Protein chains: 2
Amino acid sequence: MAYCLAVMTALKDDKSEVILMARGRAISKAVDVAEVVRNQFISNLVIKDISIGTEQMETEEGGTRNISNIAILMVKE
Amino acid sequence: MAYCLAVMTALKDDKSEVILMARGRAISKAVDVAEVVRNQFISNLVIKDISIGTEQMETEEGGTRNISNIAILMVKE
């Protein structure tokens with residue numbers, strides 16, 4: 001819910017846009033936030049683009065790990 | 001990894017396409033599967049479209065709950 005408030009604050013001006021980004025298990029939370037804001041709070045919010053990708057993160061042991069990410073571009077029309 | 005194999009089996013023909021769908025916490029797993037298949041196994045796989053949505057599920061107590069979903073359309077080119 002804190003994330004929803006952050007998104008709504010960022011979207012308070014007309015024609016503003018927000019890119020919601022998340023990595024790993026937080027991806028499903030980002031989708032939840034986008035859907036809750038769009039369905040319950042800002043009806044003229046449009047999801048313009050969704051992209052996914054992979055980035056390499058260093059583990060504590062010094063190795064690398066691939067981790068998925070998502071970017072959700074939302075625009076108030 | 002079982003999901004990666006299922007996706008690769010479905011994509012074994014030329015120009016075949018797959019829609020990966022997931023709900024709730026499995027959304028991040030679906031993104032992982034898409035990324036692993038694309039980056040490690042099928043290099044000519046293109047993510048054509050990603051959409052997100054909300055559906056209502058009935059709870060065991062008889063009420064309803066909103067749950068987010070994702071659909072990832074992948075095409076072998």
# chains A, B, ... in the order shown; residues from 1 in each chain; ligands from 1
call {"tool": "residues_around", "arguments": {"residues": "Ser16 in chain A", "least_positions_apart": "5", "cutoff": "10 Å", "atoms": "only C-alpha atoms", "output": "number ranges by chain"}}
result
A: 10-11, 45, 74-77
call {"tool": "write_last_selection", "arguments": {"atoms": "N, CA and C atoms", "output": "PDB file, in the first residue's frame"}}
result
ATOM      1  N   ALA A  10       3.441  10.389  -7.413  1.00  0.00           N
ATOM      2  CA  ALA A  10       4.210  10.696  -8.627  1.00  0.00           C
ATOM      3  C   ALA A  10       3.296  11.024  -9.805  1.00  0.00           C
ATOM      4  N   LEU A  11       2.049  10.561  -9.731  1.00  0.00           N
ATOM      5  CA  LEU A  11       1.118  10.750 -10.852  1.00  0.00           C
ATOM      6  C   LEU A  11       0.126  11.881 -10.595  1.00  0.00           C
ATOM      7  N   LEU A  45      -5.583   5.888 -16.026  1.00  0.00           N
ATOM      8  CA  LEU A  45      -4.184   5.442 -16.075  1.00  0.00           C
ATOM      9  C   LEU A  45      -4.083   4.309 -17.098  1.00  0.00           C
ATOM     10  N   MET A  74       3.551   3.469 -16.958  1.00  0.00           N
ATOM     11  CA  MET A  74       2.148   3.873 -16.809  1.00  0.00           C
ATOM     12  C   MET A  74       2.005   5.360 -17.073  1.00  0.00           C
ATOM     13  N   VAL A  75       0.985   5.726 -17.843  1.00  0.00           N
ATOM     14  CA  VAL A  75       0.791   7.127 -18.224  1.00  0.00           C
ATOM     15  C   VAL A  75      -0.633   7.540 -17.874  1.00  0.00           C
ATOM     16  N   LYS A  76      -0.764   8.737 -17.290  1.00  0.00           N
ATOM     17  CA  LYS A  76      -2.097   9.271 -16.989  1.00  0.00           C
ATOM     18  C   LYS A  76      -2.559  10.069 -18.188  1.00  0.00           C
ATOM     19  N   GLU A  77      -3.695   9.681 -18.750  1.00  0.00           N
ATOM     20  CA  GLU A  77      -4.123  10.339 -20.001  1.00  0.00           C
ATOM     21  C   GLU A  77      -5.193  11.385 -19.786  1.00  0.00           C
TER      22      GLU A  77
END
call {"tool": "interface_residues", "arguments": {"of": "chain A", "to": "chain B", "cutoff": "8 Å", "atoms": "only C-alpha atoms", "output": "VMD selection string"}}
result
chain A and resid 24 to 29 31 to 32 35 50 to 54 67 to 69
call {"tool": "residues_around", "arguments": {"residues": "Thr9 in chain B", "least_positions_apart": "4", "cutoff": "12 Å", "atoms": "only C-alpha atoms", "output": "JSON, numbers by chain"}}
result
{"B": [2, 3, 4, 5, 13, 14, 16, 17, 18, 37, 41, 42]}
call {"tool": "write_last_selection", "arguments": {"atoms": "C-alpha atoms", "output": "short mmCIF file (atom, residue, chain, number, x, y, z; two decimals), in the first residue's frame"}}
result
data_model
loop_
_atom_site.label_atom_id
_atom_site.label_comp_id
_atom_site.auth_asym_id
_atom_site.auth_seq_id
_atom_site.Cartn_x
_atom_site.Cartn_y
_atom_site.Cartn_z
CA ALA B 2 10.20 -28.08 -15.51
CA TYR B 3 8.39 -25.01 -16.85
CA CYS B 4 11.35 -24.14 -19.08
CA LEU B 5 11.21 -27.62 -20.58
CA ASP B 13 8.40 -26.03 -34.41
CA ASP B 14 9.42 -23.04 -36.51
CA SER B 16 5.56 -21.42 -33.07
CA GLU B 17 4.36 -19.23 -30.23
CA VAL B 18 3.61 -19.65 -26.57
CA VAL B 37 14.39 -19.82 -22.15
CA PHE B 41 18.11 -21.92 -24.85
CA ILE B 42 16.27 -20.30 -27.80
#
call {"tool": "select_by_dssp", "arguments": {"residues": "chain B", "states": "alpha helix (DSSP H)", "output": "ChimeraX atom specification"}}
result
/B:2-10,26-36
